[in-house]
Amino acid sequence: MTTDLISRARAGDGDAFRALTEPHRRELHVHCYRMLGSVQDAEDALQDTMLAAWQGLAGFGERASIRTWLYRIATNRCLNTLRSARRRPAREWGWTGTAPPEPTRLGEVPWLEPYPDALLAGASGVPVGPEARYEQTESISLAFVTALQILPPRQLAVLVLRDVLGFHATEVAEMLDSTVESVTSALRRARAGLQTRLPASADHTPGPATASAAEDAIVAKFVSAYESADVDALVALLTDDVFIAMPPVPFEYEGLAAVTAFCQVVFSSGRRYALVPTRANGSPAFAIYRPEPDGTQTAFGLMAVTLSGDRIRRMVRFDAEALSWFGLPSTR
């Protein structure tokens, strides 16, 4: 069946080409997102991948599967993007009339974007090799994707292909036009680099199951505290080592004291917000809307949270442009 589709696609049959590639489209999009940290960049890389596959099908030697061949193209398209330095710059604090508290540190990844859970449908159950070290849910989390972006491009690619997708070293070497020894060396350095930036999962209590009553209860408390600007109630939901980031603004706050000071500044101006629950990167998220005098609400941003037990240990706020990927309006 596959051989017949390849023959037809090589003869210019677009339907045959789509039949070959469409089953892998969603997982390739997730792969490009892991590498680039941006939904828009992932979309561009995926389109480039499909165009290159269509144009290069005559050179497909069938030594590897169509899936492996597509991953090779997609990975190299992502590497080209990473090496081009075509990245969105950090932005200044933009809340007029409100000065931010001193950040704990400046973030290294100001271009990060959230990934809608709706796009994960059909991609979360992709086959992975026996050497994969990470669960698919863990490897799409914001903390994991952020840590990936700090790695050098080649190390990033090797780690995702080996430890997330479980490709064999020989397959990765062929994908990257390299040697097994070089891949093994890059993987060793990538693992060491990732460990220094990614909190060990053993250090945190897992959050409740997705869409469980326990998760719904935390979400409801968060919405109530945020919408009523109740800083005390909000802080009561946070872990002692809670962390806040707000790409593309590079400010980051870590620890209950720093995050409490940040929340006090945010709500001290008397601003009020309305939250609309959604999901991003496998965790609860909220579209943030600002009520206007005419009764409408204007999109103000998106907040993704990571849960630990019955508390929140990570909050990442994104600009309002992210809402378009979630099918949410800019006004309502």
# chains A, B, ... in the order shown; residues from 1 in each chain; ligands from 1
>>> select_by_dssp(residues="range 138-321 of chain A", states="helix (DSSP H, G or I)", output="PDB file with C-alpha atoms, in the first residue's frame")
ATOM      1  CA  GLU A 138       6.178  15.798  30.372  1.00  0.00           C
ATOM      2  CA  SER A 139       8.012  16.641  27.169  1.00  0.00           C
ATOM      3  CA  ILE A 140       5.355  19.163  26.078  1.00  0.00           C
ATOM      4  CA  LEU A 142       6.259  24.635  29.461  1.00  0.00           C
ATOM      5  CA  ALA A 143       9.124  23.943  31.862  1.00  0.00           C
ATOM      6  CA  PHE A 144      10.548  21.257  29.566  1.00  0.00           C
ATOM      7  CA  VAL A 145      10.121  23.251  26.340  1.00  0.00           C
ATOM      8  CA  THR A 146      11.679  26.313  27.981  1.00  0.00           C
ATOM      9  CA  ALA A 147      14.702  24.290  29.114  1.00  0.00           C
ATOM     10  CA  LEU A 148      15.114  22.894  25.597  1.00  0.00           C
ATOM     11  CA  GLN A 149      15.366  26.377  24.080  1.00  0.00           C
ATOM     12  CA  ILE A 150      18.493  27.154  26.092  1.00  0.00           C
ATOM     13  CA  PRO A 153      20.584  23.795  18.386  1.00  0.00           C
ATOM     14  CA  ARG A 154      22.363  20.537  17.589  1.00  0.00           C
ATOM     15  CA  GLN A 155      22.178  19.304  21.191  1.00  0.00           C
ATOM     16  CA  LEU A 156      18.489  20.238  21.291  1.00  0.00           C
ATOM     17  CA  ALA A 157      17.776  18.223  18.144  1.00  0.00           C
ATOM     18  CA  VAL A 158      19.678  15.175  19.357  1.00  0.00           C
ATOM     19  CA  LEU A 159      17.993  15.182  22.761  1.00  0.00           C
ATOM     20  CA  VAL A 160      14.482  15.458  21.307  1.00  0.00           C
ATOM     21  CA  LEU A 161      15.094  12.766  18.708  1.00  0.00           C
ATOM     22  CA  ARG A 162      16.755  10.367  21.161  1.00  0.00           C
ATOM     23  CA  ASP A 163      15.204  10.995  24.597  1.00  0.00           C
ATOM     24  CA  VAL A 164      11.731  12.242  23.638  1.00  0.00           C
ATOM     25  CA  ALA A 169      21.483   6.663  17.548  1.00  0.00           C
ATOM     26  CA  THR A 170      22.118   5.346  14.032  1.00  0.00           C
ATOM     27  CA  GLU A 171      18.834   6.860  12.820  1.00  0.00           C
ATOM     28  CA  VAL A 172      19.621  10.220  14.414  1.00  0.00           C
ATOM     29  CA  ALA A 173      23.118  10.208  12.934  1.00  0.00           C
ATOM     30  CA  GLU A 174      21.622   9.685   9.478  1.00  0.00           C
ATOM     31  CA  MET A 175      18.994  12.390  10.019  1.00  0.00           C
ATOM     32  CA  VAL A 180      26.955   7.830  16.009  1.00  0.00           C
ATOM     33  CA  GLU A 181      29.920   9.010  18.080  1.00  0.00           C
ATOM     34  CA  SER A 182      29.042  12.657  17.456  1.00  0.00           C
ATOM     35  CA  VAL A 183      25.379  12.045  18.319  1.00  0.00           C
ATOM     36  CA  THR A 184      26.327  10.240  21.520  1.00  0.00           C
ATOM     37  CA  SER A 185      28.619  13.086  22.560  1.00  0.00           C
ATOM     38  CA  ALA A 186      25.986  15.740  21.807  1.00  0.00           C
ATOM     39  CA  LEU A 187      23.372  13.773  23.751  1.00  0.00           C
ATOM     40  CA  ARG A 188      25.618  13.534  26.803  1.00  0.00           C
ATOM     41  CA  ARG A 189      26.164  17.313  26.804  1.00  0.00           C
ATOM     42  CA  ALA A 190      22.475  17.995  26.176  1.00  0.00           C
ATOM     43  CA  ARG A 191      21.393  15.822  29.108  1.00  0.00           C
ATOM     44  CA  ALA A 192      23.825  17.599  31.399  1.00  0.00           C
ATOM     45  CA  GLY A 193      22.620  21.002  30.214  1.00  0.00           C
ATOM     46  CA  LEU A 194      18.973  20.057  30.629  1.00  0.00           C
ATOM     47  CA  GLN A 195      19.503  18.782  34.176  1.00  0.00           C
ATOM     48  CA  THR A 196      20.869  22.135  35.293  1.00  0.00           C
ATOM     49  CA  ARG A 197      17.745  23.962  34.112  1.00  0.00           C
ATOM     50  CA  SER A 201      10.152  15.701  38.841  1.00  0.00           C
ATOM     51  CA  ALA A 202      10.936  13.951  42.133  1.00  0.00           C
ATOM     52  CA  ASP A 203      11.157  17.376  43.795  1.00  0.00           C
ATOM     53  CA  ALA A 213     -12.642  16.973  40.453  1.00  0.00           C
ATOM     54  CA  ALA A 214      -9.426  17.889  42.279  1.00  0.00           C
ATOM     55  CA  GLU A 215      -8.078  19.827  39.306  1.00  0.00           C
ATOM     56  CA  ASP A 216     -11.436  21.537  38.766  1.00  0.00           C
ATOM     57  CA  ALA A 217     -11.442  22.631  42.421  1.00  0.00           C
ATOM     58  CA  ILE A 218      -8.035  24.311  42.142  1.00  0.00           C
ATOM     59  CA  VAL A 219      -9.032  25.978  38.882  1.00  0.00           C
ATOM     60  CA  ALA A 220     -12.225  27.333  40.435  1.00  0.00           C
ATOM     61  CA  LYS A 221     -10.333  28.757  43.429  1.00  0.00           C
ATOM     62  CA  PHE A 222      -7.757  30.369  41.138  1.00  0.00           C
ATOM     63  CA  VAL A 223     -10.424  31.989  38.955  1.00  0.00           C
ATOM     64  CA  SER A 224     -12.290  33.287  41.995  1.00  0.00           C
ATOM     65  CA  ALA A 225      -9.172  34.761  43.607  1.00  0.00           C
ATOM     66  CA  TYR A 226      -7.877  36.302  40.370  1.00  0.00           C
ATOM     67  CA  GLU A 227     -11.175  37.826  39.258  1.00  0.00           C
ATOM     68  CA  VAL A 231      -4.157  38.524  46.713  1.00  0.00           C
ATOM     69  CA  ASP A 232      -4.334  36.621  49.991  1.00  0.00           C
ATOM     70  CA  ALA A 233      -6.571  33.932  48.477  1.00  0.00           C
ATOM     71  CA  LEU A 234      -4.336  33.745  45.407  1.00  0.00           C
ATOM     72  CA  VAL A 235      -1.142  33.413  47.438  1.00  0.00           C
ATOM     73  CA  LEU A 256       6.571  32.907  47.535  1.00  0.00           C
ATOM     74  CA  ALA A 257       7.832  36.304  48.741  1.00  0.00           C
ATOM     75  CA  ALA A 258       8.823  37.513  45.257  1.00  0.00           C
ATOM     76  CA  VAL A 259       5.625  36.240  43.635  1.00  0.00           C
ATOM     77  CA  THR A 260       3.477  37.757  46.396  1.00  0.00           C
ATOM     78  CA  ALA A 261       5.112  41.142  45.801  1.00  0.00           C
ATOM     79  CA  PHE A 262       4.438  40.768  42.075  1.00  0.00           C
ATOM     80  CA  CYS A 263       0.757  39.914  42.627  1.00  0.00           C
ATOM     81  CA  GLN A 264       0.343  42.877  44.958  1.00  0.00           C
ATOM     82  CA  VAL A 265       1.687  45.207  42.259  1.00  0.00           C
ATOM     83  CA  VAL A 266      -0.538  43.682  39.559  1.00  0.00           C
ATOM     84  CA  PHE A 267      -3.731  44.180  41.550  1.00  0.00           C
ATOM     85  CA  SER A 268      -2.791  47.400  43.380  1.00  0.00           C
ATOM     86  CA  ALA A 320      -2.891  38.441  24.090  1.00  0.00           C
ATOM     87  CA  GLU A 321      -1.680  37.450  20.613  1.00  0.00           C
TER      88      GLU A 321
END
>>> residues_around(residues="Pro103 in chain A", least_positions_apart="3", cutoff="6 Å", atoms="only C-alpha atoms", output="list of chain:residue names")
A:Phe251, A:Glu252, A:Tyr253
>>> write_last_selection(atoms="N, CA and C atoms", output="mmCIF file, in the first residue's frame")
data_model
loop_
_atom_site.group_PDB
_atom_site.id
_atom_site.type_symbol
_atom_site.label_atom_id
_atom_site.label_comp_id
_atom_site.auth_asym_id
_atom_site.auth_seq_id
_atom_site.Cartn_x
_atom_site.Cartn_y
_atom_site.Cartn_z
ATOM 1 N N PHE A 251 11.267 39.360 32.655
ATOM 2 C CA PHE A 251 11.280 39.297 34.118
ATOM 3 C C PHE A 251 10.767 37.944 34.617
ATOM 4 N N GLU A 252 11.450 37.399 35.612
ATOM 5 C CA GLU A 252 11.022 36.157 36.255
ATOM 6 C C GLU A 252 11.070 36.340 37.767
ATOM 7 N N TYR A 253 10.106 35.729 38.442
ATOM 8 C CA TYR A 253 10.011 35.825 39.902
ATOM 9 C C TYR A 253 9.926 34.411 40.473
#
>>> select_by_dssp(residues="range 112-304 of chain A", states="strand (DSSP E or B)", output="PyMOL selection string")
chain A and resi 116+238-246+249-254+274-280+283-291+297-304
>>> write_last_selection(atoms="C-alpha atoms", output="tab-separated table (two decimals), in the first residue's frame")
chain	number	residue	atom	x	y	z
A	116	PRO	CA	-2.97	24.63	22.78
A	238	LEU	CA	0.82	28.79	45.66
A	239	THR	CA	3.73	26.55	46.63
A	240	ASP	CA	6.69	27.98	48.53
A	241	ASP	CA	8.88	27.69	45.43
A	242	VAL	CA	6.31	29.13	43.02
A	243	PHE	CA	7.68	30.65	39.82
A	244	ILE	CA	6.31	33.33	37.47
A	245	ALA	CA	7.50	34.20	33.96
A	246	MET	CA	5.93	36.51	31.37
A	249	VAL	CA	8.96	40.42	29.00
A	250	PRO	CA	12.12	38.77	30.41
A	251	PHE	CA	11.28	39.30	34.12
A	252	GLU	CA	11.02	36.16	36.25
A	253	TYR	CA	10.01	35.82	39.90
A	254	GLU	CA	10.76	32.79	42.06
A	274	ALA	CA	-12.20	38.08	33.71
A	275	LEU	CA	-10.76	34.61	33.10
A	276	VAL	CA	-11.85	32.05	30.50
A	277	PRO	CA	-10.48	28.55	31.19
A	278	THR	CA	-8.66	26.67	28.43
A	279	ARG	CA	-5.65	24.33	28.35
A	280	ALA	CA	-2.05	24.76	27.19
A	283	SER	CA	-2.04	22.02	31.95
A	284	PRO	CA	-4.82	24.43	32.91
A	285	ALA	CA	-4.64	27.85	31.28
A	286	PHE	CA	-6.79	30.97	31.25
A	287	ALA	CA	-7.50	33.65	28.69
A	288	ILE	CA	-7.36	36.99	30.54
A	289	TYR	CA	-9.85	39.69	29.53
A	290	ARG	CA	-10.03	43.27	30.78
A	291	PRO	CA	-13.55	44.71	31.18
A	297	GLN	CA	-14.00	42.76	27.37
A	298	THR	CA	-10.61	43.13	25.67
A	299	ALA	CA	-8.06	40.32	25.53
A	300	PHE	CA	-5.20	41.07	27.90
A	301	GLY	CA	-3.18	37.86	27.87
A	302	LEU	CA	-3.08	34.15	28.60
A	303	MET	CA	-1.97	32.53	31.85
A	304	ALA	CA	-0.81	28.91	31.97
>>> residues_around(residues="His204 in chain A", least_positions_apart="2", cutoff="12 Å", atoms="only C-alpha atoms", output="NGL selection string")
:A and (198-202 or 206-207 or 239-242 or 306-314)
>>> write_last_selection(atoms="N, CA and C atoms", output="PDB file, in the first residue's frame")
ATOM      1  N   LEU A 198      16.213  22.118  34.414  1.00  0.00           N
ATOM      2  CA  LEU A 198      14.891  21.521  34.561  1.00  0.00           C
ATOM      3  C   LEU A 198      14.756  20.930  35.950  1.00  0.00           C
ATOM      4  N   PRO A 199      13.794  21.404  36.742  1.00  0.00           N
ATOM      5  CA  PRO A 199      13.617  20.837  38.084  1.00  0.00           C
ATOM      6  C   PRO A 199      13.311  19.346  38.007  1.00  0.00           C
ATOM      7  N   ALA A 200      13.921  18.579  38.874  1.00  0.00           N
ATOM      8  CA  ALA A 200      13.672  17.143  38.900  1.00  0.00           C
ATOM      9  C   ALA A 200      12.217  16.884  39.282  1.00  0.00           C
ATOM     10  N   SER A 201      11.561  15.993  38.557  1.00  0.00           N
ATOM     11  CA  SER A 201      10.152  15.701  38.841  1.00  0.00           C
ATOM     12  C   SER A 201       9.977  15.146  40.252  1.00  0.00           C
ATOM     13  N   ALA A 202      11.033  14.517  40.789  1.00  0.00           N
ATOM     14  CA  ALA A 202      10.936  13.951  42.133  1.00  0.00           C
ATOM     15  C   ALA A 202      10.833  15.037  43.203  1.00  0.00           C
ATOM     16  N   PRO A 206       3.129  15.401  42.017  1.00  0.00           N
ATOM     17  CA  PRO A 206       2.383  15.539  40.756  1.00  0.00           C
ATOM     18  C   PRO A 206       1.063  16.261  40.976  1.00  0.00           C
ATOM     19  N   GLY A 207       0.608  16.953  39.951  1.00  0.00           N
ATOM     20  CA  GLY A 207      -0.693  17.595  40.018  1.00  0.00           C
ATOM     21  C   GLY A 207      -1.793  16.575  39.859  1.00  0.00           C
ATOM     22  N   THR A 239       2.685  27.269  45.895  1.00  0.00           N
ATOM     23  CA  THR A 239       3.729  26.553  46.626  1.00  0.00           C
ATOM     24  C   THR A 239       4.795  27.535  47.091  1.00  0.00           C
ATOM     25  N   ASP A 240       5.636  27.106  48.010  1.00  0.00           N
ATOM     26  CA  ASP A 240       6.686  27.980  48.528  1.00  0.00           C
ATOM     27  C   ASP A 240       7.715  28.338  47.454  1.00  0.00           C
ATOM     28  N   ASP A 241       7.900  27.436  46.487  1.00  0.00           N
ATOM     29  CA  ASP A 241       8.885  27.695  45.433  1.00  0.00           C
ATOM     30  C   ASP A 241       8.225  28.119  44.130  1.00  0.00           C
ATOM     31  N   VAL A 242       7.054  28.732  44.211  1.00  0.00           N
ATOM     32  CA  VAL A 242       6.308  29.130  43.018  1.00  0.00           C
ATOM     33  C   VAL A 242       7.158  30.028  42.119  1.00  0.00           C
ATOM     34  N   THR A 306       0.967  25.463  36.262  1.00  0.00           N
ATOM     35  CA  THR A 306       1.385  24.085  36.512  1.00  0.00           C
ATOM     36  C   THR A 306       1.053  23.753  37.957  1.00  0.00           C
ATOM     37  N   LEU A 307       0.405  22.622  38.160  1.00  0.00           N
ATOM     38  CA  LEU A 307      -0.047  22.241  39.488  1.00  0.00           C
ATOM     39  C   LEU A 307       0.906  21.246  40.146  1.00  0.00           C
ATOM     40  N   SER A 308       0.980  21.332  41.469  1.00  0.00           N
ATOM     41  CA  SER A 308       1.731  20.378  42.276  1.00  0.00           C
ATOM     42  C   SER A 308       0.866  20.043  43.473  1.00  0.00           C
ATOM     43  N   GLY A 309       0.347  18.808  43.516  1.00  0.00           N
ATOM     44  CA  GLY A 309      -0.616  18.477  44.559  1.00  0.00           C
ATOM     45  C   GLY A 309      -1.837  19.356  44.422  1.00  0.00           C
ATOM     46  N   ASP A 310      -2.232  20.033  45.495  1.00  0.00           N
ATOM     47  CA  ASP A 310      -3.379  20.939  45.440  1.00  0.00           C
ATOM     48  C   ASP A 310      -2.928  22.400  45.421  1.00  0.00           C
ATOM     49  N   ARG A 311      -1.717  22.649  44.901  1.00  0.00           N
ATOM     50  CA  ARG A 311      -1.182  24.004  44.822  1.00  0.00           C
ATOM     51  C   ARG A 311      -0.684  24.297  43.402  1.00  0.00           C
ATOM     52  N   ILE A 312      -0.392  25.556  43.177  1.00  0.00           N
ATOM     53  CA  ILE A 312       0.158  26.015  41.899  1.00  0.00           C
ATOM     54  C   ILE A 312       1.629  26.332  42.111  1.00  0.00           C
ATOM     55  N   ARG A 313       2.502  25.738  41.284  1.00  0.00           N
ATOM     56  CA  ARG A 313       3.940  25.972  41.459  1.00  0.00           C
ATOM     57  C   ARG A 313       4.573  26.726  40.293  1.00  0.00           C
ATOM     58  N   ARG A 314       3.780  26.987  39.248  1.00  0.00           N
ATOM     59  CA  ARG A 314       4.348  27.702  38.104  1.00  0.00           C
ATOM     60  C   ARG A 314       3.233  28.454  37.384  1.00  0.00           C
TER      61      ARG A 314
END
>>> closest_residue(among="A:Ala53, A:Tyr134, A:Ser330, A:Val30", to="Arg18 in chain A", atoms="only C-alpha atoms")
A:Ala53
>>> residues_around(residues="Ala42 in chain A", least_positions_apart="4", cutoff="9 Å", atoms="only C-alpha atoms", output="PDB file with C-alpha atoms, in the first residue's frame")
ATOM      1  CA  LEU A  28       5.519  16.771  13.309  1.00  0.00           C
ATOM      2  CA  HIS A  29       3.906  20.044  14.371  1.00  0.00           C
ATOM      3  CA  VAL A  30       4.483  19.139  18.036  1.00  0.00           C
ATOM      4  CA  HIS A  31       8.077  18.160  17.200  1.00  0.00           C
ATOM      5  CA  CYS A  32       8.717  21.528  15.547  1.00  0.00           C
ATOM      6  CA  TYR A  33       7.152  23.297  18.534  1.00  0.00           C
ATOM      7  CA  ARG A  34       9.413  21.459  20.976  1.00  0.00           C
ATOM      8  CA  MET A  35      12.425  22.548  18.996  1.00  0.00           C
ATOM      9  CA  LEU A  36      11.368  26.143  18.369  1.00  0.00           C
ATOM     10  CA  GLY A  37       9.173  27.035  21.362  1.00  0.00           C
ATOM     11  CA  SER A  38       6.790  28.918  19.073  1.00  0.00           C
ATOM     12  CA  LEU A  46       5.890  22.260   9.103  1.00  0.00           C
ATOM     13  CA  GLN A  47       4.806  23.952   5.873  1.00  0.00           C
ATOM     14  CA  CYS A  78      13.988  23.676  12.583  1.00  0.00           C
TER      15      CYS A  78
END
>>> atom_distance(atom1="CA of Asp117 in chain A", atom2="CA of Thr21 in chain A")
21.8 Å
